[in-house]
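As provided, structure08.cif (mmCIF, C-alpha atoms and all ligand atoms) reads as follows.
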```cif
data_work
#
loop_
_atom_site.label_atom_id
_atom_site.label_comp_id
_atom_site.auth_asym_id
_atom_site.auth_seq_id
_atom_site.Cartn_x
_atom_site.Cartn_y
_atom_site.Cartn_z
CA MET M 128 0.00 0.00 0.00
CA ARG M 129 1.21 3.46 -0.78
CA LEU M 130 -0.23 6.51 0.78
CA SER M 131 -0.23 9.74 -1.11
CA PRO M 132 -0.61 12.65 1.23
CA THR M 133 -1.24 15.89 -0.51
CA ARG M 134 1.89 17.48 0.84
CA ARG M 135 4.07 14.57 -0.12
CA ARG M 136 6.38 15.29 -2.99
CA ARG M 137 8.28 12.63 -4.87
CA TRP M 138 11.60 13.71 -6.24
CA ARG M 139 12.99 12.05 -9.28
CA ILE M 140 16.41 12.37 -10.61
CA VAL M 141 18.09 11.34 -13.80
CA LEU M 142 21.27 10.54 -12.26
CA ALA M 143 24.65 9.47 -12.98
CA VAL M 144 26.32 11.69 -10.59
CA LEU M 145 29.82 11.54 -9.73
CA LEU M 146 32.68 13.55 -8.64
CA ILE M 147 33.76 13.91 -5.26
CA SER M 148 35.78 13.61 -2.35
CA SER M 149 38.14 11.81 -0.25
CA VAL M 150 39.04 11.17 3.25
CA GLY M 151 37.81 8.87 5.85
CA ALA M 152 39.77 6.59 8.02
CA CYS M 153 38.24 4.09 10.32
CA SER M 154 40.23 4.54 13.44
CA SER M 155 40.26 8.28 13.72
CA ALA M 156 39.31 11.44 11.94
CA THR M 157 41.90 12.44 9.39
CA ASP M 158 42.46 15.54 7.35
CA ALA M 159 41.65 15.51 3.70
CA PRO M 160 44.51 15.05 1.29
CA PRO M 161 45.73 18.47 0.15
CA ASN M 162 44.04 18.37 -3.24
CA ALA M 163 40.84 16.77 -2.07
CA ALA M 164 37.69 18.66 -2.86
CA THR M 165 34.85 18.79 -0.41
CA SER M 166 32.17 20.16 -2.66
CA SER M 167 31.60 20.16 -6.37
CA PRO M 168 28.24 21.43 -7.57
CA PRO M 169 27.08 19.54 -10.65
CA ASN M 170 27.30 22.56 -12.91
CA THR M 171 31.00 22.90 -12.20
CA ALA M 172 31.91 19.30 -12.89
CA PRO M 173 35.16 18.86 -14.79
CA PRO M 174 34.91 18.29 -18.54
CA GLY M 175 33.90 14.77 -19.29
CA SER M 176 32.11 14.21 -16.02
CA PRO M 177 28.60 12.89 -16.02
CA THR M 178 26.05 15.45 -15.03
CA THR M 179 23.18 15.45 -12.63
CA THR M 180 19.78 16.49 -13.90
CA LEU M 181 17.05 17.21 -11.43
CA GLU M 182 13.42 17.25 -12.38
CA HIS M 183 12.77 19.35 -9.33
CA SER M 184 14.97 21.37 -7.10
CA LEU M 185 15.90 19.43 -4.01
CA PRO M 186 16.29 20.76 -0.49
CA PRO M 187 19.80 22.30 -0.46
CA SER M 188 21.12 19.86 2.13
CA VAL M 189 20.01 16.87 0.02
CA HIS M 190 21.32 18.43 -3.19
CA ASP M 191 24.72 18.93 -1.58
CA PHE M 192 24.71 15.41 -0.18
CA LEU M 193 24.17 13.99 -3.66
CA SER M 194 26.76 16.31 -5.16
CA SER M 195 29.39 15.18 -2.68
CA THR M 196 28.81 11.45 -2.87
CA SER M 197 29.69 9.04 -5.64
CA ALA M 198 27.81 6.35 -7.53
CA PHE M 199 29.34 2.89 -7.24
CA LEU M 200 27.77 0.70 -9.88
CA GLY M 201 29.01 -2.37 -11.70
CA THR M 202 32.31 -4.15 -11.13
CA ASP M 203 34.87 -2.69 -8.75
CA ARG M 204 38.32 -4.27 -9.28
CA ILE M 205 40.17 -4.40 -5.98
CA GLU M 206 43.71 -5.79 -5.67
CA VAL M 207 44.48 -7.76 -2.51
CA TRP M 208 47.99 -7.34 -1.15
CA VAL M 209 49.72 -8.93 1.84
CA CYS M 210 51.86 -6.80 4.16
CA GLU M 211 54.60 -9.11 5.44
CA VAL M 212 55.35 -7.70 8.89
CA PRO M 213 58.88 -8.50 10.16
CA GLN M 214 59.54 -9.56 13.73
CA GLY M 215 60.39 -6.53 15.81
CA ALA M 216 58.26 -4.16 13.73
CA THR M 217 58.21 -0.85 15.56
CA ASP M 218 54.90 0.69 14.47
CA PRO M 219 52.53 0.79 17.48
CA THR M 220 49.67 -0.46 15.31
CA PHE M 221 51.07 -3.98 15.47
CA ASN M 222 50.56 -6.40 18.30
CA ARG M 223 53.82 -7.14 20.17
CA SER M 224 53.13 -10.85 19.69
CA THR M 225 55.46 -12.81 17.43
CA LEU M 226 52.45 -14.37 15.68
CA ARG M 227 52.64 -14.08 11.90
CA LEU M 228 50.12 -15.68 9.56
CA ALA M 229 51.19 -17.17 6.25
CA LEU M 230 48.83 -15.25 4.00
CA ASP M 231 48.60 -15.64 0.25
CA PRO M 232 47.01 -12.91 -1.94
CA SER M 233 45.36 -15.55 -4.15
CA VAL M 234 43.82 -17.39 -1.21
CA LEU M 235 42.65 -14.12 0.37
CA SER M 236 41.13 -12.97 -2.93
CA GLY M 237 39.22 -16.23 -3.21
CA LEU M 238 37.80 -15.88 0.31
CA LEU M 239 36.84 -12.25 -0.23
CA ASN M 240 35.20 -13.02 -3.57
CA LYS M 241 33.17 -15.74 -1.90
CA TYR M 242 32.00 -13.84 1.15
CA VAL M 243 32.44 -10.06 0.79
CA THR M 244 31.30 -9.97 -2.83
CA ALA M 245 28.16 -11.89 -1.88
CA TYR M 246 27.56 -9.50 1.00
CA TYR M 247 27.78 -6.42 -1.23
CA GLN M 248 25.67 -7.97 -3.93
CA GLN M 249 23.01 -8.44 -1.26
CA LEU M 250 23.37 -4.85 0.00
CA SER M 251 23.22 -3.38 -3.50
CA HIS M 252 20.64 -5.84 -4.86
CA GLY M 253 23.04 -6.68 -7.64
CA ALA M 254 23.96 -3.11 -8.59
CA TYR M 255 27.54 -3.31 -7.32
CA GLN M 256 30.07 -6.12 -7.38
CA PRO M 257 33.53 -5.93 -5.84
CA ALA M 258 35.93 -8.26 -7.67
CA PHE M 259 39.00 -9.12 -5.61
CA LEU M 260 42.15 -9.84 -7.59
CA PRO M 261 45.42 -11.18 -6.20
CA GLY M 262 48.10 -8.54 -5.82
CA ARG M 263 51.52 -9.29 -4.39
CA ILE M 264 53.34 -9.50 -1.05
CA HIS M 265 55.06 -6.37 0.22
CA GLN M 266 58.01 -7.21 2.46
CA MET M 267 57.86 -4.46 5.06
CA THR M 268 60.93 -3.05 6.72
CA VAL M 269 61.01 -3.00 10.50
CA ASP M 270 59.96 0.63 10.74
CA GLU M 271 57.28 0.78 8.05
CA SER M 272 53.67 1.55 9.00
CA PRO M 273 50.42 0.09 7.68
CA GLN M 274 49.99 3.22 5.55
CA ASP M 275 53.50 2.69 4.13
CA CYS M 276 52.51 -0.81 3.05
CA LEU M 277 49.22 0.36 1.55
CA ASP M 278 51.09 3.12 -0.30
CA ALA M 279 53.56 0.60 -1.72
CA ALA M 280 50.68 -1.59 -2.89
CA LEU M 281 48.85 1.38 -4.43
CA ASN M 282 52.02 2.48 -6.23
CA SER M 283 52.41 -0.96 -7.81
CA SER M 284 48.74 -1.63 -8.55
CA ALA M 285 47.58 -2.17 -12.11
CA ALA M 286 46.05 0.65 -14.15
CA THR M 287 42.82 -1.35 -14.30
CA THR M 288 42.60 -1.59 -10.52
CA SER M 289 40.26 0.88 -8.82
CA GLY M 290 41.05 -0.03 -5.20
CA VAL M 291 43.56 -1.86 -3.02
CA LEU M 292 43.03 -3.87 0.14
CA ALA M 293 46.18 -4.57 2.18
CA VAL M 294 46.14 -7.35 4.78
CA ALA M 295 48.95 -7.59 7.35
CA THR M 296 50.48 -10.86 8.50
CA ALA M 297 50.54 -9.51 12.08
CA GLU M 298 47.53 -8.77 14.23
CA ASN M 299 46.87 -5.20 15.27
CA ALA M 300 47.46 -4.21 18.89
CA ALA M 301 44.42 -4.30 21.14
CA THR M 302 44.66 -0.53 21.51
CA ALA M 303 44.71 0.06 17.75
CA ALA M 304 41.73 0.10 15.41
CA GLY M 305 41.28 -2.99 13.29
CA GLY M 306 41.88 -1.11 10.07
CA PHE M 307 41.17 1.95 7.97
CA GLY M 308 39.86 2.77 4.54
CA THR M 309 39.36 5.73 2.23
CA ILE M 310 37.57 6.59 -1.00
CA GLY M 311 40.70 8.51 -1.99
CA TYR M 312 40.88 11.54 -4.26
CA ILE M 313 38.29 12.75 -6.70
CA CYS M 314 37.80 10.57 -9.70
CA ALA M 315 35.95 12.50 -12.35
CA SER M 316 36.53 9.84 -14.97
CA ARG M 317 33.82 7.39 -14.17
CA PRO M 318 33.23 4.49 -14.59
CA LEU M 319 35.37 2.85 -11.94
CA SER M 320 37.41 1.04 -14.56
CA ARG M 321 38.90 4.41 -15.48
CA CYS M 322 39.80 5.36 -11.92
CA PRO M 323 43.17 3.68 -11.20
CA ALA M 324 43.87 3.29 -7.51
CA ALA M 325 47.49 4.33 -8.08
CA SER M 326 46.12 7.82 -8.83
CA THR M 327 43.07 8.03 -6.57
CA ARG M 328 44.85 6.37 -3.59
CA ARG M 329 41.61 4.52 -2.85
CA GLY M 330 42.30 1.68 -0.49
CA ALA M 331 42.03 0.01 2.90
CA TYR M 332 44.17 -1.84 5.39
CA VAL M 333 43.29 -4.51 7.96
CA GLY M 334 45.34 -6.52 10.46
CA ALA M 335 45.67 -10.29 10.34
CA SER M 336 43.08 -11.17 12.98
CA ASP M 337 40.17 -11.77 10.64
CA PHE M 338 42.08 -14.50 8.81
CA HIS M 339 43.31 -16.39 11.89
CA PRO M 340 42.72 -20.14 11.44
CA ASP M 341 40.64 -20.21 14.64
CA TRP M 342 37.74 -18.66 12.70
CA GLY M 343 37.42 -21.84 10.67
CA PRO M 344 36.93 -22.03 6.91
CA GLU M 345 35.02 -18.73 6.74
CA PRO M 346 37.01 -15.73 8.00
CA ALA M 347 35.43 -12.94 10.03
CA VAL M 348 34.82 -10.57 7.16
CA ASP M 349 32.70 -7.91 8.86
CA LEU M 350 35.70 -5.55 9.20
CA GLU M 351 36.59 -5.97 5.52
CA GLU M 352 32.95 -5.15 4.70
CA HIS M 353 33.19 -2.06 6.94
CA GLU M 354 36.45 -0.85 5.39
CA LEU M 355 35.09 -1.39 1.89
CA GLY M 356 32.23 0.88 2.99
CA HIS M 357 34.83 3.61 3.62
CA MET M 358 36.18 2.95 0.11
CA LEU M 359 32.66 3.81 -1.10
CA GLY M 360 32.81 7.09 0.82
CA TRP M 361 30.53 5.92 3.61
CA THR M 362 30.99 7.37 7.06
CA HIS M 363 30.44 6.02 10.56
CA SER M 364 27.12 6.19 12.37
CA GLY M 365 26.26 6.19 16.03
CA ASP M 366 25.66 8.78 18.69
CA ASP M 367 26.90 12.32 19.20
CA ILE M 368 28.99 11.91 22.31
CA GLY M 369 32.24 11.04 20.63
CA GLU M 370 32.11 7.26 20.26
CA ASP M 371 31.11 6.51 16.73
CA HIS M 372 31.31 2.73 16.70
CA ASN M 373 28.54 2.10 19.19
CA SER M 374 25.62 1.33 16.90
CA GLY M 375 24.62 -2.25 16.24
CA ILE M 376 22.28 -1.45 13.34
CA ASP M 377 24.85 -0.33 10.73
CA VAL M 378 27.91 -2.07 9.31
CA MET M 379 29.54 1.39 9.36
CA SER M 380 29.51 1.36 13.15
CA ASN M 381 30.05 -1.78 15.26
CA SER M 382 30.24 -4.30 12.41
CA ALA M 383 30.90 -7.14 14.86
CA ALA M 384 27.56 -6.65 16.64
CA PRO M 385 25.83 -9.61 14.92
CA ARG M 386 28.43 -11.98 16.38
CA SER M 387 27.50 -10.98 19.92
CA PHE M 388 24.04 -12.46 19.19
CA ASP M 389 25.23 -15.37 17.04
CA PRO M 390 28.88 -16.49 17.44
CA GLY M 391 28.62 -18.21 14.06
CA ARG M 392 28.09 -14.96 12.19
CA ARG M 393 30.94 -13.78 10.01
CA ASP M 394 29.29 -10.99 7.98
CA GLY M 395 28.45 -7.57 9.30
CA GLN M 396 24.87 -6.37 9.57
CA ASP M 397 23.12 -4.42 6.83
CA THR M 398 23.60 -0.67 6.42
CA LEU M 399 21.48 2.47 6.58
CA GLY M 400 19.42 3.71 3.66
CA ILE M 401 21.46 6.91 3.45
CA ASN M 402 24.49 4.86 2.40
CA ARG M 403 22.49 3.13 -0.33
CA LEU M 404 21.37 6.55 -1.54
CA ALA M 405 24.99 7.76 -1.49
CA ALA M 406 26.07 4.83 -3.67
CA ARG M 407 22.99 5.24 -5.93
CA TRP M 408 21.79 1.74 -5.10
CA LEU M 409 18.58 3.34 -3.87
CA PRO M 410 17.25 5.69 -6.55
CA LEU M 411 15.95 9.11 -5.62
CA SER M 412 12.65 8.06 -7.19
CA ASP M 413 12.21 5.76 -4.18
CA VAL M 414 12.80 8.56 -1.67
CA ALA M 415 9.91 10.56 -0.23
CA ILE M 416 10.60 14.08 0.99
CA ASP M 417 8.30 15.94 3.33
CA GLN M 418 8.43 19.69 3.78
CA PRO M 419 8.87 21.48 7.11
CA ILE M 420 5.50 23.17 7.05
CA GLN M 421 3.88 23.62 10.40
CA GLY M 422 0.51 21.97 10.56
CA THR M 423 -1.14 18.62 10.15
CA ALA M 424 0.60 15.29 10.33
CA GLN M 425 1.47 13.43 7.16
CA THR M 426 1.48 9.66 6.77
CA PHE M 427 3.94 7.64 4.73
CA ALA M 428 4.16 3.93 3.95
CA LEU M 429 7.79 2.86 3.92
CA ARG M 430 9.09 -0.39 2.50
CA PRO M 431 12.18 -1.79 4.26
CA SER M 432 15.24 0.30 3.40
CA THR M 433 17.12 -2.98 3.10
CA GLY M 434 14.72 -4.14 0.38
CA ALA M 435 14.97 -3.86 -3.38
CA SER M 436 12.05 -1.65 -4.36
CA GLY M 437 9.38 0.79 -3.30
CA THR M 438 9.52 3.93 -1.22
CA ARG M 439 12.31 3.04 1.17
CA LEU M 440 13.52 6.30 2.64
CA LEU M 441 11.77 9.39 3.98
CA VAL M 442 13.71 12.65 4.12
CA LEU M 443 12.79 15.43 6.54
CA PRO M 444 14.75 18.63 5.81
CA VAL M 445 16.23 20.48 8.78
CA ASP M 446 18.35 23.33 7.38
CA SER M 447 20.82 24.07 4.59
CA ASN M 448 23.34 21.60 6.03
CA ARG M 449 21.23 18.96 7.72
CA PHE M 450 18.38 16.57 7.07
CA LEU M 451 16.82 13.56 8.74
CA THR M 452 16.19 10.17 7.17
CA VAL M 453 13.44 7.84 8.39
CA GLU M 454 13.59 4.15 7.45
CA TYR M 455 12.17 0.74 8.27
CA LEU M 456 14.66 -1.94 9.34
CA PRO M 457 12.89 -5.29 9.67
CA LYS M 458 14.29 -8.24 11.59
CA SER M 459 15.32 -10.18 8.50
CA GLY M 460 18.19 -10.89 6.14
CA LEU M 461 21.52 -9.57 7.42
CA ASP M 462 19.58 -7.94 10.28
CA SER M 463 17.84 -11.17 11.37
CA PHE M 464 19.70 -10.97 14.70
CA PHE M 465 17.85 -7.77 15.69
CA PRO M 466 15.74 -8.19 18.84
CA THR M 467 12.86 -6.62 16.91
CA GLY M 468 12.35 -4.75 13.67
CA GLY M 469 11.27 -1.13 13.61
CA VAL M 470 11.94 2.37 12.41
CA THR M 471 15.04 4.46 12.97
CA VAL M 472 15.90 8.09 12.29
CA THR M 473 19.32 9.35 11.21
CA LEU M 474 20.55 12.94 11.23
CA ILE M 475 22.82 13.73 8.29
CA ASP M 476 24.96 16.68 9.38
CA GLN M 477 27.13 18.50 6.84
CA SER M 478 27.69 21.65 8.91
CA PRO M 479 31.27 22.81 9.68
CA ALA M 480 30.80 21.85 13.32
CA ALA M 481 30.11 18.24 12.37
CA CYS M 482 33.80 17.67 11.63
CA ASN M 483 35.27 20.63 13.51
CA GLN M 484 36.39 22.30 10.30
CA ALA M 485 36.09 25.83 8.99
CA THR M 486 34.26 24.60 5.90
CA ARG M 487 31.21 22.40 5.47
CA CYS M 488 31.59 18.70 6.13
CA LEU M 489 30.61 17.27 2.78
CA GLY M 490 31.32 13.84 1.35
CA PRO M 491 32.99 11.45 3.79
CA ARG M 492 33.36 14.27 6.32
CA ARG M 493 29.64 14.33 7.04
CA ARG M 494 28.31 12.89 10.28
CA GLN M 495 25.48 10.37 10.46
CA LEU M 496 23.95 10.32 13.91
CA THR M 497 21.44 7.71 15.00
CA GLU M 498 18.61 9.56 16.70
CA VAL M 499 16.20 6.87 17.92
CA GLY M 500 17.00 5.11 21.20
CA THR M 501 20.33 4.69 22.91
CA ALA M 502 23.44 2.74 21.91
CA PRO M 503 23.50 0.13 20.49
CA PHE M 504 20.23 1.49 19.03
CA PHE M 505 18.25 -1.74 18.73
CA ASP M 506 15.34 -0.01 20.52
CA LEU M 507 13.66 0.95 17.24
CA LEU M 508 10.34 2.73 16.90
CA THR M 509 7.30 0.43 16.76
CA PRO M 510 3.56 1.00 17.27
CA ARG M 511 4.12 0.12 20.92
CA SER M 512 6.85 2.69 21.49
CA GLY M 513 6.35 6.39 21.93
CA GLU M 514 6.99 8.93 19.20
CA TRP M 515 10.42 10.34 18.51
CA THR M 516 10.85 14.09 18.47
CA GLY M 517 13.80 16.22 17.43
CA GLN M 518 14.96 18.95 15.03
CA GLY M 519 11.38 20.28 14.96
CA TRP M 520 9.96 16.98 13.76
CA SER M 521 8.01 14.20 15.41
CA VAL M 522 7.92 10.64 14.05
CA LYS M 523 5.41 8.04 15.14
CA VAL M 524 4.97 4.48 13.87
CA THR M 525 1.33 3.45 13.61
CA GLY M 526 1.71 0.16 11.76
CA LEU M 527 4.42 -2.41 11.11
CA SER M 528 4.02 -5.28 8.66
CA ASP M 529 5.37 -5.50 5.10
CA VAL M 530 5.51 -1.74 5.33
CA ALA M 531 5.97 0.67 8.18
CA THR M 532 3.23 3.23 8.43
CA VAL M 533 4.87 6.37 9.72
CA GLN M 534 3.20 9.59 10.82
CA VAL M 535 5.40 12.68 10.77
CA LYS M 536 4.70 16.20 11.83
CA PHE M 537 6.69 19.42 11.78
CA SER M 538 6.04 21.86 14.58
CA SER M 539 8.86 24.35 14.91
CA ARG M 540 12.47 24.57 15.88
ZN ZN L 1 35.57 2.80 10.14
#
```

Whole structure given in structure tokens:
Amino acid sequence: MRLSPTRRRRWRIVLAVLLISSVGACSSATDAPPNAATSSPPNTAPPGSPTTTLEHSLPPSVHDFLSSTSAFLGTDRIEVWVCEVPQGATDPTFNRSTLRLALDPSVLSGLLNKYVTAYYQQLSHGAYQPAFLPGRIHQMTVDESPQDCLDAALNSSAATTSGVLAVATAENAATAAGGFGTIGYICASRPLSRCPAASTRRGAYVGASDFHPDWGPEPAVDLEEHELGHMLGWTHSGDDIGEDHNSGIDVMSNSAAPRSFDPGRRDGQDTLGINRLAARWLPLSDVAIDQPIQGTAQTFALRPSTGASGTRLLVLPVDSNRFLTVEYLPKSGLDSFFPTGGVTVTLIDQSPAACNQATRCLGPRRRQLTEVGTAPFFDLLTPRSGEWTGQGWSVKVTGLSDVATVQVKFSSR
């Protein structure tokens, strides 16, 4: 069932977007590379870039979100390298243990093609397919860092490679993050096959832990899935008190959360609808946008954002830098471990304060804050819960079946 409130406007886009940004490391906020752009309006795209054509003008915050995120469609060729870590390596990222795994780029590529490719095909409903190809082994010197190894792999990667994943033979220290990843520099020459990683510096690094034999035949690939998300320009989600890996409902937060419910799980959970919109796996034609007009409540029927079709995301504009997304996350598929299904709300914040910069936080610098409930945010909105209010909006779930029936109302800020 689809409801068609009079105030509801459907925005359609003939899209092919592209351009954009860089940045984004998993473990900590990092500065953009010196030549990284943070904003590129469609009408200033470099020659040869695809263009964005809007049938209607979008809220400015949504327009800028789309202009600063990149489509990832089709095959994404990613070279898999091994970082051979010598005994006595000095970088504090590495565990002091003498454990070293005998890793082979061909074997790793096979495992990643089997598990991570299947995961992303499920997330994108077939729109995007990472293809992992064996790279080589980089023999690290005793004082090289993970970034040094990734740089060496990027420098030697093939011209047809659009990303690099480096896997160390040593585990990371308990105090270090498990890895990092970045979308790299702007690549105006879409498709991906014309964006060599040696130029864009698009890549990720993970320690050896996920490939320890104790996991059994299927490695723990949730971190690789998370870091690949960074290579798509996705950002973390969670709360606004400084810890951004505390959400269990998004692979771009605590990707290991499913394993705390089911020790047999190896994949991460699903992701938020805003990331599908960023990658263009969820077309704008399946996004409903309400307007902040004070008055009567409007009702929307939302299909699961993790599904393949229908209206799957509701946008509630806040201001020129921020907007809310409302989506239905059922207890199914990669999210079958959820205690219950329900509706969540995410604040997309592109204001300078969101990343403590002087300029707006566009592209991977944006923040995505989970607004409903408390960490780990499994307490989703249902017909039995109260309404959520914030940013001038209230959101109430009145029905939950194949669709979530959601009543929203703007009062004032
Ligand atoms: Zn991360």

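Of the residues under consideration (M:Ala405, M:Leu319, M:Ile310, M:Val533), M:Ile310 shows the shortest atom-to-atom contact distance to ligand ZN 1 (chain L) when counting only C-alpha atoms and all ligand atoms.
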
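Note that the spacing between atom CA of Pro344 of chain M and atom CA of Thr296 of chain M amounts to 17.6 Å.
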
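For the set M:Asp337, M:Asp506, M:Asp529, M:Asp377, the residue with the smallest atom-to-atom gap to Glu298 of chain M is M:Asp337, counting only C-alpha atoms.
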
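Those residues that approach Ser233 of chain M to within 9 Å, counting only C-alpha atoms, are Val207, Gly237, Leu238, Leu260, Pro261, Gly262 and Arg263 of chain M; same-chain residues fewer than 4 positions away are not listed.
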
Please produce an output containing C-alpha atoms for each residue in the selection, written as a PDB file, in the coordinates of the input.
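Contents of the output file part_24.pdb:
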```
ATOM      1  CA  VAL M 207      44.480  -7.760  -2.510  1.00  0.00           C
ATOM      2  CA  GLY M 237      39.220 -16.230  -3.210  1.00  0.00           C
ATOM      3  CA  LEU M 238      37.800 -15.880   0.310  1.00  0.00           C
ATOM      4  CA  LEU M 260      42.150  -9.840  -7.590  1.00  0.00           C
ATOM      5  CA  PRO M 261      45.420 -11.180  -6.200  1.00  0.00           C
ATOM      6  CA  GLY M 262      48.100  -8.540  -5.820  1.00  0.00           C
ATOM      7  CA  ARG M 263      51.520  -9.290  -4.390  1.00  0.00           C
TER       8      ARG M 263
END
```

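Atom CA of Leu489 of chain M sits 6.0 Å away from atom CA of Ser195 of chain M.
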
Write out as a VMD selection string each polymer residue whose atoms come within 8 Å of Thr525 of chain M, counting all atoms listed in the file; drop sequence neighbours fewer than 5 positions from it.
-> chain M and resid 509 to 510 531 to 534

In Å and to one decimal, atom CA of Thr327 of chain M is distant from atom CA of Glu211 of chain M by 23.9 Å

Residues near Leu200 of chain M, anyone? I mean within 12 Å using all atoms listed in the file, not counting same-chain ones fewer than 3 positions away, as a compact mmCIF listing (two decimals) with C-alpha atoms, in the frame of the given file.
```
# COMPACT_ATOMS: atom_id res chain seq x y z
CA ALA M 143 24.65 9.47 -12.98
CA VAL M 144 26.32 11.69 -10.59
CA LEU M 145 29.82 11.54 -9.73
CA SER M 197 29.69 9.04 -5.64
CA ASP M 203 34.87 -2.69 -8.75
CA ARG M 204 38.32 -4.27 -9.28
CA TYR M 247 27.78 -6.42 -1.23
CA GLN M 248 25.67 -7.97 -3.93
CA SER M 251 23.22 -3.38 -3.50
CA HIS M 252 20.64 -5.84 -4.86
CA GLY M 253 23.04 -6.68 -7.64
CA ALA M 254 23.96 -3.11 -8.59
CA TYR M 255 27.54 -3.31 -7.32
CA GLN M 256 30.07 -6.12 -7.38
CA PRO M 257 33.53 -5.93 -5.84
CA ARG M 317 33.82 7.39 -14.17
CA PRO M 318 33.23 4.49 -14.59
CA LEU M 319 35.37 2.85 -11.94
CA SER M 320 37.41 1.04 -14.56
CA LEU M 359 32.66 3.81 -1.10
CA ARG M 403 22.49 3.13 -0.33
CA ALA M 405 24.99 7.76 -1.49
CA ALA M 406 26.07 4.83 -3.67
CA ARG M 407 22.99 5.24 -5.93
CA TRP M 408 21.79 1.74 -5.10
CA LEU M 409 18.58 3.34 -3.87
```

Write out as a list in words the residues lying within 12 Å of Gly500 of chain M, counting only C-alpha atoms and excluding same-chain residues fewer than 6 positions away.
-> Gly365, Asp366, Ser374, Gly375, Ile376, Gly469, Val470, Thr471, Val472, Thr473, Asp506, Leu507, Leu508, Thr509, Ser512, Gly513, Glu514, Trp515 and Thr516 of chain M

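Between Arg492 of chain M and the residues M:Arg227, M:His357, M:Arg329, M:His265, the shortest atom-to-atom distance, using all atoms listed in the file, involves M:His357.
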